[in-house]
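K.L.:
The file below is final_37.csv, CSV, C-alpha atoms and all ligand atoms:
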chain,number,residue,atom,x,y,z
O,269,MET,CA,-4.0,-23.5,2.0
O,270,GLY,CA,-7.4,-24.5,3.4
O,271,GLY,CA,-10.4,-22.3,3.7
O,272,ALA,CA,-9.0,-20.4,6.6
O,273,THR,CA,-7.5,-17.5,4.6
O,274,LYS,CA,-9.9,-14.7,4.6
O,275,ILE,CA,-9.4,-12.5,1.5
O,276,GLY,CA,-10.4,-9.0,2.4
O,277,ARG,CA,-11.7,-6.2,0.3
O,278,ARG,CA,-12.0,-2.8,1.8
O,279,GLY,CA,-15.6,-2.2,1.3
O,280,GLY,CA,-17.7,0.9,0.8
O,281,GLN,CA,-15.1,3.1,-0.8
O,282,THR,CA,-13.1,3.2,-4.0
O,283,PRO,CA,-10.5,2.3,-4.9
O,284,GLU,CA,-10.7,-1.3,-3.8
O,285,VAL,CA,-7.8,-2.6,-1.7
O,286,LEU,CA,-7.1,-6.3,-1.7
O,287,GLY,CA,-5.3,-8.2,1.0
O,288,ILE,CA,-5.8,-10.7,3.8
O,289,GLU,CA,-8.2,-9.5,6.5
O,290,VAL,CA,-8.1,-6.0,5.2
O,291,ASP,CA,-9.9,-3.5,7.4
O,292,GLY,CA,-11.6,-0.3,6.5
O,293,GLN,CA,-8.3,1.6,6.7
O,294,THR,CA,-6.2,-0.9,4.7
O,295,ARG,CA,-4.6,-2.6,7.6
O,296,CYS,CA,-4.0,-6.3,7.0
O,297,VAL,CA,-3.0,-9.5,8.8
O,298,HIS,CA,0.7,-8.6,8.3
O,299,TYR,CA,0.7,-4.9,9.2
O,300,HIS,CA,-2.0,-3.8,11.6
O,301,THR,CA,-0.8,-1.2,14.0
O,302,ALA,CA,-2.6,2.1,14.3
O,303,LEU,CA,-0.2,3.6,11.8
O,304,ASP,CA,-0.4,1.0,9.1
O,305,VAL,CA,-3.0,2.8,7.0
O,306,VAL,CA,-1.2,3.0,3.6
O,307,ALA,CA,-2.1,0.8,0.6
O,308,ILE,CA,0.1,0.7,-2.5
O,309,LYS,CA,-1.0,0.1,-6.1
O,310,MET,CA,1.3,-2.5,-7.5
O,311,ARG,CA,3.1,-1.7,-10.7
O,312,CYS,CA,2.7,-5.2,-12.0
O,313,CYS,CA,-1.1,-5.4,-12.0
O,314,GLY,CA,-2.4,-1.9,-11.2
O,315,VAL,CA,-4.3,-3.2,-8.2
O,316,TYR,CA,-4.1,-1.7,-4.7
O,317,TYR,CA,-2.9,-4.2,-2.0
O,318,ALA,CA,-2.6,-3.6,1.7
O,319,CYS,CA,1.1,-4.8,1.6
O,320,LYS,CA,3.6,-6.8,-0.5
O,321,ASP,CA,2.9,-9.9,1.6
O,322,CYS,CA,-0.7,-9.8,0.7
O,323,HIS,CA,0.3,-9.4,-2.9
O,324,ALA,CA,2.6,-12.4,-2.7
O,325,ALA,CA,-0.2,-14.5,-1.1
O,326,LEU,CA,-2.9,-13.5,-3.5
O,327,ALA,CA,-1.7,-12.2,-6.8
O,328,GLY,CA,0.0,-15.3,-8.2
O,329,HIS,CA,2.8,-13.3,-9.8
O,330,ALA,CA,6.0,-11.5,-8.8
O,331,ILE,CA,5.8,-7.9,-7.6
O,332,ALA,CA,7.3,-5.2,-9.8
O,333,VAL,CA,8.8,-2.0,-8.5
O,334,TRP,CA,7.8,1.5,-9.7
O,335,PRO,CA,10.6,2.9,-11.8
O,336,ARG,CA,11.7,6.4,-10.8
O,337,GLY,CA,10.3,7.9,-14.0
O,338,GLU,CA,6.8,6.9,-13.0
O,339,TRP,CA,6.7,8.4,-9.5
O,340,GLY,CA,4.2,11.0,-10.6
O,341,THR,CA,1.6,8.2,-10.7
O,342,ARG,CA,-1.1,8.2,-8.1
O,343,ALA,CA,-0.3,4.8,-6.5
O,344,VAL,CA,-0.5,5.3,-2.8
O,345,LEU,CA,-3.7,5.4,-0.8
O,346,CYS,CA,-4.2,6.8,2.6
O,347,GLY,CA,-6.6,4.4,4.4
O,348,ALA,CA,-7.6,7.1,6.9
O,349,CYS,CA,-9.1,9.5,4.4
O,350,GLY,CA,-9.1,7.7,1.1
O,351,ALA,CA,-6.8,10.2,-0.7
O,352,GLU,CA,-4.6,8.9,-3.4
O,353,MET,CA,-1.1,10.4,-3.5
O,354,THR,CA,1.5,10.2,-6.1
O,355,ILE,CA,4.5,8.1,-5.2
O,356,ARG,CA,6.7,11.1,-5.0
O,357,GLU,CA,4.2,12.9,-2.6
O,358,TYR,CA,4.2,9.8,-0.4
O,359,LEU,CA,8.0,9.5,-0.3
O,360,ASP,CA,8.2,13.2,0.5
O,361,CYS,CA,5.4,13.4,3.1
O,362,GLU,CA,7.5,12.7,6.2
O,363,SER,CA,5.1,9.8,7.2
O,364,ARG,CA,2.1,12.1,7.4
O,365,CYS,CA,-0.8,12.2,5.1
O,366,PRO,CA,-0.8,15.5,3.1
O,367,SER,CA,-4.6,15.4,2.9
O,368,CYS,CA,-5.8,14.5,6.4
O,369,GLY,CA,-2.6,14.6,8.6
O,370,ALA,CA,-2.9,11.0,9.6
O,371,ASP,CA,0.4,9.6,10.8
O,372,PHE,CA,1.9,6.8,8.7
O,373,ASN,CA,4.3,4.1,10.0
O,374,PRO,CA,7.8,5.5,9.7
O,375,GLY,CA,9.1,1.9,9.6
O,376,CYS,CA,7.5,1.6,6.1
O,377,ARG,CA,10.6,3.5,4.8
O,378,LYS,CA,12.5,0.2,5.3
O,379,HIS,CA,10.2,-1.5,2.8
O,380,TRP,CA,10.1,1.1,0.1
O,381,HIS,CA,12.6,-0.8,-2.0
O,382,PHE,CA,10.0,-3.6,-2.4
O,383,TYR,CA,7.6,-1.2,-4.1
O,384,PHE,CA,9.7,1.6,-5.5
O,385,GLU,CA,12.9,1.7,-7.5
O,386,GLY,CA,15.8,2.0,-5.0
O,387,GLU,CA,17.9,5.0,-4.3
O,388,GLU,CA,21.1,5.2,-6.1
O,389,GLU,CA,23.9,3.8,-4.0
O,401,ZN,ZN,0.8,-7.6,-9.1
O,402,ZN,ZN,-0.6,-7.8,4.2
O,403,ZN,ZN,-5.2,10.8,4.7
Go through the file and emit its structure as structure tokens.
Ligand SMILES: [Zn+2]
Ligand SMILES: [Zn+2]
Ligand SMILES: [Zn+2]

P.N.:
Amino acid sequence: MGGATKIGRRGGQTPEVLGIEVDGQTRCVHYHTALDVVAIKMRCCGVYYACKDCHAALAGHAIAVWPRGEWGTRAVLCGACGAEMTIREYLDCESRCPSCGADFNPGCRKHWHFYFEGEEE
């Protein structure tokens, strides 16, 4: 990679969210529609990333999924209001922020298995 990759940090608010070209609501170069305002704290390193692809590009290690027994951990951030949800709250929120009512991308559901231990078959 040359110097073209811009590593973004969502400024001004905590927690910090890492990713590539992260904006103020945690969108990144990979997911940047109006609804892509969720950041996820990675189980492997405890750092919020805008998405798994940002983690893959920047972290230098493999992603680890959150085991079911740890779904009470606050590990999901609403980029619209800055609220941190537990994983279970996020999975149960019907793609709507419980704090501010912002709509989340319902398509994220297809990616949950990258971050969270999968449903039993
Ligand atoms: Zn990590
Ligand atoms: Zn990304
Ligand atoms: Zn919110």

K.L.:
Can I get the residues close to ligand ZN 401 (chain O) as a count of residues only, where close means within 7 Å and we count all atoms listed in the file?

P.N.:
12

K.L.:
Here is a test: counting only C-alpha atoms and all ligand atoms, which residue of O:Leu359, O:Cys349, O:Cys376, O:Ala302 is nearest to ligand ZN 403 (chain O)?

P.N.:
O:Cys349

K.L.:
Between O:Asp321, O:Asp360, O:Leu286, O:Ile308, which residue has the minimum interatomic distance to ligand ZN 402 (chain O), considering only C-alpha atoms and all ligand atoms?

P.N.:
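When distances to ligand ZN 402 (chain O) are compared using only C-alpha atoms and all ligand atoms, the smallest one comes from O:Asp321.
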
K.L.:
Select, from O:Ile288, O:Ala370, O:Ala324, O:Val297, the residue with the minimum atom-to-atom distance to Ala348 of chain O, counting all atoms listed in the file.

P.N.:
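Of the candidates, the smallest distance to Ala348 of chain O is held by O:Ala370.
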
K.L.:
For segment 382-387 of chain O, find every residue with an atom within 6 Å (counting only C-alpha atoms), except residues of its own chain fewer than 4 positions away, and show them as a count of residues only.

P.N.:
4

K.L.:
Could I get the residue neighbourhood of ligand ZN 402 (chain O) at 7 Å, counting all atoms listed in the file, as a PDB file with C-alpha atoms, in the coordinates of the input?

P.N.:
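For reference, pocket_6.pdb as written:
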ATOM      1  CA  GLY O 287      -5.300  -8.200   1.000  1.00  0.00           C
ATOM      2  CA  ILE O 288      -5.800 -10.700   3.800  1.00  0.00           C
ATOM      3  CA  CYS O 296      -4.000  -6.300   7.000  1.00  0.00           C
ATOM      4  CA  VAL O 297      -3.000  -9.500   8.800  1.00  0.00           C
ATOM      5  CA  HIS O 298       0.700  -8.600   8.300  1.00  0.00           C
ATOM      6  CA  TYR O 299       0.700  -4.900   9.200  1.00  0.00           C
ATOM      7  CA  ALA O 318      -2.600  -3.600   1.700  1.00  0.00           C
ATOM      8  CA  CYS O 319       1.100  -4.800   1.600  1.00  0.00           C
ATOM      9  CA  LYS O 320       3.600  -6.800  -0.500  1.00  0.00           C
ATOM     10  CA  ASP O 321       2.900  -9.900   1.600  1.00  0.00           C
ATOM     11  CA  CYS O 322      -0.700  -9.800   0.700  1.00  0.00           C
TER      12      CYS O 322
END

K.L.:
Which residues sit within 7 Å of ligand ZN 403 (chain O), counting only C-alpha atoms and all ligand atoms, listed as a list in words?

P.N.:
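Written in the requested form, the residues are Cys346, Gly347, Ala348, Cys349, Gly350, Ala351, Cys365, Pro366, Ser367, Cys368, Gly369 and Ala370 of chain O.
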
K.L.:
For a quick check of understanding, using only C-alpha atoms, which of O:Leu326, O:Leu345, O:Val290, O:Val285 has the smallest distance to Phe372 of chain O?

P.N.:
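Among the listed residues, O:Leu345 lies closest to Phe372 of chain O.
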
K.L.:
Which one is closest to Tyr317 of chain O: O:Thr294, O:Thr354, O:Thr301, O:Asn373? Count all atoms listed in the file.

P.N.:
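Of the candidates, the smallest distance to Tyr317 of chain O is held by O:Thr294.
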
K.L.:
To one decimal place, how far is atom CA of Trp339 of chain O from atom CA of Lys378 of chain O in Å?

P.N.:
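Pair atom CA of Trp339 of chain O / atom CA of Lys378 of chain O returns 17.9 Å.
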
K.L.:
Find the residue from O:Asp371, O:Glu284, O:Asp304, O:Glu338 that sits nearest to Arg356 of chain O; use all atoms listed in the file when measuring.

P.N.:
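Of O:Asp371, O:Glu284, O:Asp304, O:Glu338, the one nearest Arg356 of chain O, counting all atoms listed in the file, is O:Glu338.
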
K.L.:
State, in Å with one decimal place, the distance from atom CA of Glu362 of chain O to atom CA of Trp380 of chain O.

P.N.:
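Taking atom CA of Glu362 of chain O as the start and atom CA of Trp380 of chain O as the end point, the length is 13.4 Å.
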
K.L.:
What does the distance between atom CA of Asp291 of chain O and atom CA of Ile355 of chain O come to in Å, to one decimal place?

P.N.:
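Atom-to-atom, atom CA of Asp291 of chain O and atom CA of Ile355 of chain O are spaced 22.4 Å apart.
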